[in-house]
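For reference, work_38.txt is printed below; it contains compact mmCIF, C-alpha atoms.
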# COMPACT_ATOMS: atom_id res chain seq x y z
CA MET A 1 93.46 91.49 126.12
CA LEU A 2 91.73 90.93 122.88
CA ASP A 3 92.55 88.17 120.51
CA GLU A 4 93.85 89.74 117.32
CA LYS A 5 94.98 86.61 115.54
CA GLY A 6 94.09 85.83 111.97
CA ILE A 7 92.48 89.17 111.18
CA SER A 8 92.17 89.70 107.44
CA LYS A 9 94.08 92.40 105.67
CA ALA A 10 90.82 94.00 104.50
CA VAL A 11 89.53 94.37 108.05
CA ILE A 12 92.79 95.94 109.22
CA ALA A 13 92.80 98.34 106.30
CA ARG A 14 89.37 99.57 107.41
CA LEU A 15 90.40 100.27 111.02
CA PRO A 16 92.00 103.69 110.39
CA ARG A 17 88.73 104.83 108.89
CA TYR A 18 86.75 103.70 111.96
CA TYR A 19 89.35 105.49 114.05
CA ARG A 20 88.86 108.71 112.08
CA TYR A 21 85.06 108.66 112.35
CA LEU A 22 85.18 107.85 116.05
CA GLY A 23 87.60 110.76 116.59
CA GLU A 24 85.10 113.06 114.90
CA LEU A 25 82.29 111.73 117.08
CA ILE A 26 84.38 112.51 120.16
CA ASP A 27 84.99 116.04 118.82
CA ASN A 28 81.22 116.32 118.47
CA LYS A 29 80.69 115.14 122.06
CA VAL A 30 78.94 111.94 121.03
CA GLU A 31 79.32 109.37 123.81
CA ARG A 32 77.74 106.28 122.35
CA ILE A 33 76.63 105.12 118.95
CA SER A 34 74.78 102.12 117.54
CA SER A 35 76.13 100.14 114.60
CA ASN A 36 73.16 101.45 112.59
CA GLU A 37 74.05 105.08 113.28
CA LEU A 38 77.71 104.42 112.50
CA SER A 39 76.58 102.67 109.33
CA ASP A 40 74.64 105.76 108.20
CA LEU A 41 77.66 107.92 108.84
CA MET A 42 80.29 105.76 107.17
CA LYS A 43 78.13 104.25 104.43
CA VAL A 44 79.07 100.70 105.20
CA THR A 45 76.49 98.18 106.37
CA ALA A 46 75.83 97.79 110.09
CA SER A 47 76.50 94.09 109.73
CA GLN A 48 79.94 94.80 108.24
CA ILE A 49 80.71 97.06 111.19
CA ARG A 50 79.62 94.43 113.69
CA GLN A 51 81.62 91.74 111.90
CA ASP A 52 84.73 93.91 111.65
CA LEU A 53 84.67 94.80 115.32
CA ASN A 54 83.81 91.28 116.42
CA ASN A 55 87.21 90.25 115.09
CA PHE A 56 88.67 91.99 118.08
CA GLY A 57 86.25 90.55 120.56
CA GLY A 58 83.43 93.00 119.88
CA PHE A 59 83.06 96.22 121.77
CA GLY A 60 79.31 96.77 121.65
CA GLN A 61 76.55 95.94 124.05
CA GLN A 62 73.12 94.83 122.86
CA GLY A 63 70.71 97.74 123.23
CA TYR A 64 73.46 100.18 124.18
CA GLY A 65 75.69 100.31 121.12
CA TYR A 66 79.33 101.28 121.29
CA ASN A 67 80.99 103.49 123.83
CA VAL A 68 82.69 105.93 121.44
CA ARG A 69 85.65 106.85 123.59
CA TYR A 70 86.40 103.24 124.55
CA LEU A 71 86.12 101.98 120.98
CA TYR A 72 88.34 104.83 119.78
CA SER A 73 91.05 104.04 122.28
CA GLU A 74 90.87 100.28 121.66
CA ILE A 75 91.17 100.70 117.89
CA GLY A 76 94.02 103.14 118.49
CA ARG A 77 95.73 100.51 120.60
CA ILE A 78 95.24 97.83 117.93
CA LEU A 79 96.77 100.22 115.37
CA GLY A 80 99.75 100.78 117.67
CA LEU A 81 98.85 104.44 118.25
CA ASP A 82 99.21 104.04 121.99
CA GLN A 83 102.95 103.77 121.46
CA THR A 84 105.51 106.36 120.42
CA HIS A 85 107.21 105.67 117.09
CA ASN A 86 110.45 107.50 116.40
CA MET A 87 110.46 108.48 112.75
CA ILE A 88 112.99 110.00 110.41
CA ILE A 89 112.30 111.57 107.03
CA ILE A 90 114.74 111.13 104.17
CA GLY A 91 114.16 113.80 101.55
CA ALA A 92 113.42 117.35 102.72
CA GLY A 93 111.76 118.51 99.53
CA HIS A 94 108.18 119.75 99.51
CA LEU A 95 106.67 116.34 100.19
CA GLY A 96 109.09 115.57 103.02
CA GLN A 97 108.45 118.97 104.57
CA ALA A 98 104.70 118.57 104.14
CA LEU A 99 104.84 115.32 106.12
CA ALA A 100 107.22 116.80 108.71
CA ASN A 101 104.87 119.72 109.20
CA TYR A 102 101.80 117.60 109.72
CA VAL A 103 101.17 118.14 113.41
CA LYS A 104 98.57 115.42 113.68
CA PHE A 105 101.13 112.68 113.06
CA GLU A 106 102.91 113.79 116.22
CA LYS A 107 99.66 113.70 118.18
CA ARG A 108 99.21 110.08 117.12
CA GLY A 109 102.61 109.11 118.45
CA PHE A 110 104.76 109.52 115.32
CA ARG A 111 107.65 111.60 116.59
CA ILE A 112 109.95 113.04 113.96
CA ILE A 113 113.47 112.94 115.33
CA GLY A 114 115.50 113.55 112.18
CA ILE A 115 115.24 114.92 108.65
CA PHE A 116 117.90 114.22 106.03
CA ASP A 117 118.67 115.45 102.54
CA ILE A 118 121.58 115.64 100.14
CA ASP A 119 121.10 119.31 99.24
CA PRO A 120 123.79 121.35 101.09
CA ASN A 121 121.56 124.44 100.84
CA LEU A 122 119.15 122.81 103.26
CA LYS A 123 121.80 121.97 105.85
CA GLY A 124 120.97 123.49 109.22
CA HIS A 125 117.46 124.61 108.23
CA THR A 126 114.86 123.40 110.65
CA VAL A 127 111.36 122.04 110.17
CA ARG A 128 109.30 122.21 113.34
CA GLU A 129 112.49 122.47 115.40
CA VAL A 130 114.07 119.44 113.76
CA LYS A 131 117.32 120.32 112.03
CA ILE A 132 117.83 119.11 108.47
CA GLN A 133 121.00 117.01 108.36
CA MET A 134 123.01 115.72 105.45
CA LEU A 135 122.38 112.15 104.28
CA SER A 136 126.06 111.38 104.95
CA GLU A 137 125.34 111.91 108.65
CA LEU A 138 122.57 109.30 108.65
CA PRO A 139 124.60 106.14 109.43
CA ASP A 140 126.01 107.76 112.58
CA PHE A 141 122.59 109.07 113.52
CA LEU A 142 121.13 105.57 113.23
CA LYS A 143 123.83 104.18 115.50
CA ASN A 144 123.01 106.73 118.18
CA HIS A 145 119.22 106.88 118.01
CA LYS A 146 116.36 104.42 118.18
CA VAL A 147 114.59 104.84 114.85
CA ASP A 148 111.37 102.87 114.38
CA MET A 149 110.33 104.13 110.99
CA ALA A 150 111.86 105.94 108.04
CA THR A 151 109.83 107.93 105.54
CA LEU A 152 111.35 108.04 102.06
CA THR A 153 110.44 111.07 99.98
CA ILE A 154 113.32 110.79 97.55
CA PRO A 155 113.55 109.94 93.86
CA LYS A 156 113.21 106.34 92.78
CA ASN A 157 116.84 106.12 91.64
CA SER A 158 118.30 106.56 95.10
CA ALA A 159 115.53 104.85 97.09
CA ARG A 160 116.94 101.32 96.91
CA GLU A 161 120.40 102.33 98.10
CA VAL A 162 119.07 104.46 100.95
CA ALA A 163 116.64 101.72 102.00
CA ASP A 164 119.43 99.13 102.05
CA MET A 165 121.49 101.40 104.28
CA LEU A 166 118.53 101.96 106.63
CA VAL A 167 117.91 98.23 106.87
CA ALA A 168 121.60 97.49 107.43
CA ASN A 169 121.38 99.87 110.38
CA GLY A 170 118.37 98.19 111.93
CA VAL A 171 115.37 100.17 110.64
CA LYS A 172 112.41 97.80 110.41
CA ALA A 173 109.65 99.91 108.86
CA ILE A 174 109.62 102.15 105.82
CA TRP A 175 106.92 104.52 104.63
CA ASN A 176 107.88 104.70 101.00
CA PHE A 177 106.82 107.46 98.59
CA ALA A 178 109.44 106.63 95.96
CA HIS A 179 108.07 104.95 92.83
CA ILE A 180 109.59 101.60 93.47
CA ASP A 181 108.09 98.60 95.24
CA LEU A 182 110.60 98.42 98.08
CA ASN A 183 108.70 95.52 99.64
CA LEU A 184 109.88 93.34 96.75
CA VAL A 185 113.58 94.10 97.21
CA LEU A 186 114.06 94.38 100.98
CA PRO A 187 114.32 91.49 103.47
CA LYS A 188 110.96 89.96 104.39
CA ASP A 189 111.08 91.15 108.00
CA VAL A 190 111.17 94.81 106.93
CA ILE A 191 107.72 96.34 106.82
CA VAL A 192 107.05 98.58 103.85
CA GLU A 193 104.02 100.72 103.20
CA ASN A 194 104.17 102.09 99.66
CA VAL A 195 102.34 105.27 98.72
CA HIS A 196 102.38 105.63 94.96
CA LEU A 197 100.67 108.97 94.38
CA SER A 198 100.91 108.79 90.61
CA GLU A 199 99.00 105.51 90.64
CA SER A 200 96.22 107.12 92.63
CA LEU A 201 96.09 109.92 90.08
CA MET A 202 95.87 107.35 87.27
CA CYS A 203 92.89 105.76 88.99
CA LEU A 204 91.20 109.16 89.00
CA SER A 205 92.06 109.56 85.35
CA TYR A 206 90.66 106.12 84.53
CA ASN A 207 87.37 106.89 86.26
CA LEU A 208 87.06 110.29 84.65
CA THR A 209 87.81 108.91 81.20
CA HIS A 210 85.37 106.04 81.58
CA ALA A 211 82.67 108.08 83.32
CA ARG A 212 82.46 110.00 80.09
CA ARG A 213 81.70 106.66 78.48
CA GLU A 214 79.41 105.76 81.40
CA HIS A 215 81.74 103.34 83.13
CA LYS A 216 82.82 103.90 86.71
CA ASP A 217 84.88 101.08 88.02
CA CYS A 218 88.26 101.83 89.58
CA MET B 219 88.93 99.19 70.03
CA LEU B 220 88.99 96.90 73.01
CA ASP B 221 85.99 96.00 75.04
CA GLU B 222 86.47 97.43 78.49
CA LYS B 223 83.06 96.70 79.95
CA GLY B 224 82.58 95.05 83.30
CA ILE B 225 86.21 95.18 84.41
CA SER B 226 86.53 94.67 88.15
CA LYS B 227 87.79 97.42 90.40
CA ALA B 228 90.70 95.21 91.51
CA VAL B 229 91.92 94.73 87.94
CA ILE B 230 91.76 98.45 87.24
CA ALA B 231 93.61 99.25 90.43
CA ARG B 232 96.45 97.03 89.21
CA LEU B 233 96.81 98.72 85.82
CA PRO B 234 98.92 101.68 87.01
CA ARG B 235 101.44 99.19 88.39
CA TYR B 236 101.67 97.34 85.07
CA TYR B 237 102.10 100.71 83.43
CA ARG B 238 104.97 101.62 85.76
CA TYR B 239 106.83 98.34 85.20
CA LEU B 240 106.35 98.52 81.44
CA GLY B 241 107.70 102.08 81.47
CA GLU B 242 110.81 100.82 83.25
CA LEU B 243 111.22 98.03 80.71
CA ILE B 244 111.09 100.61 77.92
CA ASP B 245 113.74 102.67 79.75
CA ASN B 246 115.83 99.50 79.85
CA LYS B 247 115.32 98.94 76.12
CA VAL B 248 113.36 95.72 76.59
CA GLU B 249 111.17 95.16 73.53
CA ARG B 250 109.18 92.12 74.47
CA ILE B 251 108.45 90.16 77.60
CA SER B 252 106.66 86.93 78.47
CA SER B 253 104.07 86.78 81.21
CA ASN B 254 106.52 84.57 83.15
CA GLU B 255 109.26 87.19 83.01
CA LEU B 256 106.82 89.94 83.96
CA SER B 257 105.63 87.71 86.78
CA ASP B 258 109.18 87.38 88.15
CA LEU B 259 109.60 91.13 88.03
CA MET B 260 106.29 92.13 89.57
CA LYS B 261 105.85 89.20 91.95
CA VAL B 262 102.38 88.37 90.79
CA THR B 263 101.57 85.07 89.12
CA ALA B 264 101.84 84.78 85.35
CA SER B 265 98.27 83.52 85.27
CA GLN B 266 97.08 86.66 87.09
CA ILE B 267 98.87 88.80 84.53
CA ARG B 268 97.32 86.89 81.63
CA GLN B 269 93.87 87.08 83.22
CA ASP B 270 94.18 90.80 83.97
CA LEU B 271 95.26 91.65 80.45
CA ASN B 272 92.73 89.33 78.84
CA ASN B 273 90.05 91.60 80.30
CA PHE B 274 91.06 94.10 77.68
CA GLY B 275 91.19 91.62 74.86
CA GLY B 276 94.66 90.29 75.63
CA PHE B 277 97.78 91.76 74.15
CA GLY B 278 100.09 88.78 74.08
CA GLN B 279 100.95 86.28 71.40
CA GLN B 280 101.60 82.63 72.18
CA GLY B 281 105.36 82.01 72.00
CA TYR B 282 106.15 85.69 71.58
CA GLY B 283 104.93 87.30 74.76
CA TYR B 284 103.98 90.93 74.99
CA ASN B 285 105.27 93.77 72.88
CA VAL B 286 106.33 96.12 75.69
CA ARG B 287 105.80 99.39 73.89
CA TYR B 288 102.40 98.40 72.54
CA LEU B 289 101.17 97.11 75.89
CA TYR B 290 102.45 100.27 77.61
CA SER B 291 100.62 102.53 75.23
CA GLU B 292 97.41 100.47 75.34
CA ILE B 293 97.33 100.46 79.14
CA GLY B 294 98.08 104.18 79.08
CA ARG B 295 95.13 104.66 76.78
CA ILE B 296 92.84 102.62 79.03
CA LEU B 297 93.94 104.76 81.99
CA GLY B 298 93.14 107.90 80.02
CA LEU B 299 96.77 108.99 79.85
CA ASP B 300 96.53 109.57 76.11
CA GLN B 301 94.41 112.62 76.90
CA THR B 302 95.30 115.94 78.44
CA HIS B 303 93.61 116.66 81.76
CA ASN B 304 93.55 120.25 82.93
CA MET B 305 94.11 120.27 86.65
CA ILE B 306 93.99 122.90 89.36
CA ILE B 307 95.43 122.63 92.86
CA ILE B 308 93.63 124.15 95.82
CA GLY B 309 96.04 124.63 98.70
CA ALA B 310 99.56 125.84 97.95
CA GLY B 311 101.15 124.55 101.14
CA HIS B 312 104.00 122.06 101.04
CA LEU B 313 101.85 119.20 99.82
CA GLY B 314 100.18 121.28 97.11
CA GLN B 315 103.56 122.57 95.95
CA ALA B 316 105.04 119.06 96.05
CA LEU B 317 102.30 117.89 93.68
CA ALA B 318 102.59 120.98 91.49
CA ASN B 319 106.33 120.43 91.19
CA TYR B 320 106.04 116.83 90.20
CA VAL B 321 107.09 117.02 86.58
CA LYS B 322 106.05 113.47 85.76
CA PHE B 323 102.37 114.28 86.22
CA GLU B 324 102.69 116.76 83.37
CA LYS B 325 104.37 114.16 81.18
CA ARG B 326 101.38 111.88 81.73
CA GLY B 327 98.96 114.53 80.53
CA PHE B 328 98.01 116.18 83.82
CA ARG B 329 98.49 119.85 83.07
CA ILE B 330 98.39 122.22 86.03
CA ILE B 331 96.66 125.38 84.92
CA GLY B 332 95.95 127.03 88.26
CA ILE B 333 97.00 127.00 91.93
CA PHE B 334 94.87 128.62 94.61
CA ASP B 335 95.30 129.44 98.28
CA ILE B 336 93.83 131.75 100.91
CA ASP B 337 97.18 133.01 102.21
CA PRO B 338 97.73 136.55 100.85
CA ASN B 339 101.49 136.10 101.32
CA LEU B 340 101.46 133.53 98.54
CA LYS B 341 99.61 135.75 96.07
CA GLY B 342 101.59 136.21 92.88
CA HIS B 343 104.23 133.59 93.73
CA THR B 344 104.66 131.06 90.98
CA VAL B 345 105.18 127.32 91.02
CA ARG B 346 106.59 126.04 87.75
CA GLU B 347 105.38 129.17 85.98
CA VAL B 348 101.86 128.85 87.34
CA LYS B 349 100.87 131.88 89.41
CA ILE B 350 99.31 131.26 92.82
CA GLN B 351 95.93 132.97 92.89
CA MET B 352 93.58 133.71 95.75
CA LEU B 353 90.73 131.29 96.41
CA SER B 354 88.29 134.17 95.93
CA GLU B 355 89.36 134.28 92.28
CA LEU B 356 88.50 130.61 91.74
CA PRO B 357 84.83 130.93 90.70
CA ASP B 358 85.74 133.36 87.92
CA PHE B 359 88.63 131.15 86.89
CA LEU B 360 86.32 128.15 86.61
CA LYS B 361 83.95 130.10 84.41
CA ASN B 362 86.75 130.98 82.02
CA HIS B 363 88.75 127.75 81.92
CA LYS B 364 88.06 124.12 81.21
CA VAL B 365 89.06 122.36 84.44
CA ASP B 366 88.92 118.56 84.39
CA MET B 367 90.27 117.82 87.85
CA ALA B 368 90.86 119.64 91.11
CA THR B 369 93.40 118.53 93.68
CA LEU B 370 92.48 119.46 97.25
CA THR B 371 95.39 119.88 99.63
CA ILE B 372 93.55 121.91 102.22
CA PRO B 373 92.41 121.22 105.77
CA LYS B 374 89.38 119.05 106.35
CA ASN B 375 87.31 121.94 107.72
CA SER B 376 87.23 123.85 104.46
CA ALA B 377 87.27 120.89 102.07
CA ARG B 378 83.52 120.37 101.90
CA GLU B 379 82.74 124.00 101.11
CA VAL B 380 85.46 124.26 98.46
CA ALA B 381 84.39 120.96 96.91
CA ASP B 382 80.77 122.12 96.71
CA MET B 383 81.89 125.28 94.96
CA LEU B 384 84.00 123.30 92.49
CA VAL B 385 81.11 120.99 91.71
CA ALA B 386 78.67 123.90 91.35
CA ASN B 387 81.06 125.23 88.72
CA GLY B 388 81.22 122.02 86.75
CA VAL B 389 84.32 120.23 88.06
CA LYS B 390 83.72 116.49 87.74
CA ALA B 391 86.80 114.92 89.35
CA ILE B 392 88.53 115.61 92.65
CA TRP B 393 91.83 114.25 93.93
CA ASN B 394 91.24 114.70 97.61
CA PHE B 395 93.96 114.80 100.27
CA ALA B 396 91.74 116.34 102.96
CA HIS B 397 90.74 113.94 105.73
CA ILE B 398 87.12 113.71 104.78
CA ASP B 399 85.41 111.17 102.53
CA LEU B 400 84.22 113.63 99.91
CA ASN B 401 82.79 110.78 97.83
CA LEU B 402 80.09 110.39 100.51
CA VAL B 403 78.95 113.99 100.41
CA LEU B 404 79.25 115.02 96.76
CA PRO B 405 76.80 114.18 93.95
CA LYS B 406 77.21 110.66 92.60
CA ASP B 407 78.45 111.80 89.19
CA VAL B 408 81.48 113.51 90.72
CA ILE B 409 84.52 111.25 90.77
CA VAL B 410 86.56 111.37 93.94
CA GLU B 411 89.87 109.71 94.63
CA ASN B 412 90.71 110.04 98.32
CA VAL B 413 94.30 109.89 99.53
CA HIS B 414 94.31 109.61 103.30
CA LEU B 415 98.00 109.68 104.18
CA SER B 416 97.44 109.31 107.89
CA GLU B 417 95.56 106.06 107.29
CA SER B 418 98.48 104.70 105.32
CA LEU B 419 100.78 105.62 108.20
CA MET B 420 98.45 103.82 110.63
CA CYS B 421 98.68 100.68 108.50
CA LEU B 422 102.46 100.86 108.80
CA SER B 423 102.11 101.35 112.53
CA TYR B 424 99.76 98.35 112.78
CA ASN B 425 102.17 96.11 110.93
CA LEU B 426 105.16 97.28 112.93
CA THR B 427 103.33 96.81 116.22
CA HIS B 428 102.07 93.36 115.30
CA ALA B 429 105.30 92.23 113.65
CA ARG B 430 106.82 92.59 117.09
CA ARG B 431 104.18 90.10 118.21
CA GLU B 432 104.72 88.08 115.03
CA HIS B 433 101.59 89.15 113.20
CA LYS B 434 101.80 90.78 109.80
CA ASP B 435 98.44 91.38 108.31
CA CYS B 436 97.57 94.87 107.08
Could you spell out this file's structure in structure tokens?
Amino acid sequence: MLDEKGISKAVIARLPRYYRYLGELIDNKVERISSNELSDLMKVTASQIRQDLNNFGGFGQQGYGYNVRYLYSEIGRILGLDQTHNMIIIGAGHLGQALANYVKFEKRGFRIIGIFDIDPNLKGHTVREVKIQMLSELPDFLKNHKVDMATLTIPKNSAREVADMLVANGVKAIWNFAHIDLNLVLPKDVIVENVHLSESLMCLSYNLTHARREHKDC
Amino acid sequence: MLDEKGISKAVIARLPRYYRYLGELIDNKVERISSNELSDLMKVTASQIRQDLNNFGGFGQQGYGYNVRYLYSEIGRILGLDQTHNMIIIGAGHLGQALANYVKFEKRGFRIIGIFDIDPNLKGHTVREVKIQMLSELPDFLKNHKVDMATLTIPKNSAREVADMLVANGVKAIWNFAHIDLNLVLPKDVIVENVHLSESLMCLSYNLTHARREHKDC
């Protein structure tokens, strides 16, 4: 077992990117790679790579480099991708359906077991064999199923209420696309990952606007 | 005019969040706010708020606080939201349509003027009055329209080729949802904002996995 204590947030945030590059190396039948080669590929310094990975005990061998498949599976394990996470999606609009349709999530252990909406026209439709249910059916569903994560692709106005109901029924992790910082309003033991797409678009806008004035900073 | 030189990336990345909270204050008819009140709301320290805003010359008055509407419009201007950005979307799947349907983007000056896909079944369909065109029509479209930004909601495998074509035709900013770091492969003067949804989901998974072991770090 590796010691994962006290790892900084910045290091953890970089792990999914290592995982992605290592997955591509596996697809390309690369079996081992040095920190210098990985550095060229990912455009981060080799020393940063070594430092990042040393946080988890280090996976490389002097003169050999990293075993790609081993490193991939260890980082996957650290990220919790070796486990199955039962996920539900609240909001079966385009964004909710886009996420439900993304096959790769399932490959990584995120298993969509329920999709909910308030639009009666969607009732009974299926997305990848998962039936869309009405939001009113959610409390019962939560009582009868183990739900690890809920994805919220609903408008900001209803997000707080739905999140409170999820939490009251034992859901501990929320992937939140609504434009509200749910982490600030939910109990501290609930894990929230906010994705604010409009803020990402504003960053692009900032950079474009300021590039024209020869600034590039966001 | 405010001096915006040398602003750190971290400060800029926080601006869209200020903008969102100020917009909500306006909706709630709040006319002025102190840094302490804003601090309570946003859960960042008042001193951080003052420091962040001082980068742009400072907008507050001792004993008065900030004029909400003025600060909102100034931050909007800094983010480039006072301008209209013509945007196209490449990939009219669920994610592309979700973004195209998001009315708020239009309100903030992001005007969708074209949607492109390779699926002939989508040809001629419209999303919010914008006709879906075939990708083969894109080069001509780019020659005849001023396109400021392109949103890529297409698979990784075709993203590089499409991005190269966009850049060859003068597009300078890409909002990239494909799982490839386009910023590493495109010319330096092209602005790329990557949104890697699966990496965000992995962060959630990390935190959930480690919360169970009483770590919470991502």
For a cut-off of 7 Å around (75.3, 97.9, 121.1), file coordinates, pick out all residues using only C-alpha atoms and list them as a PyMOL selection string.
-> chain A and resi 34-35+60-66
Near A:Gln51, counting all atoms listed in the file, which residues have an atom at most 12 Å away, once you skip same-chain residues fewer than 4 positions from it, shown as a PyMOL selection string?
-> chain A and resi 7-8+11+14+35+44-47+55-60
Chain B contacts on chain A, all atoms listed in the file, 6 Å, as number ranges by chain = A: 9, 12-13, 16, 79-80, 94-95, 98, 193, 199, 204-206, 209, 217-218
Contacts of stretch 338-344 of chain B within 10 Å, all atoms listed in the file, excl. fewer than 6 positions in-chain, as an NGL selection string = :B and (310-311 or 315 or 332 or 350-353)
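Take atom CA of A:Ser39 and atom CA of B:Lys374: the distance between them is 21.0 Å.
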Write out as a PyMOL selection string which residues come within 10 Å of A:Val162 when counting only C-alpha atoms, dropping same-chain ones fewer than 5 positions away.
-> chain A and resi 90+135+138+152+154+157+167-168
For atom CA of B:Glu379 and atom CA of B:Phe395, determine how far apart the two atoms are, in Å to one decimal place.
->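 These atoms are spaced 14.5 Å apart.
Atom CA of B:Leu404 lies 21.9 Å from atom CA of A:Gly23.
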Mind checking which residues fall within 10 Å of B:Lys364, counting all atoms listed in the file, ignoring those fewer than 6 positions away in the same chain, and posting them as an MDAnalysis selection string?
-> chainID B and resid 303:305 331 388:389
Build an axis-aligned box that encloses every atom of stretch 370-386 of chain B listed in the file, pad it by 3 Å on each side, and report its centre and edge lengths in Å to one decimal, as AutoDock Vina command-line options.
--center_x 87.0 --center_y 122.2 --center_z 99.5 --size_x 22.7 --size_y 12.2 --size_z 22.4
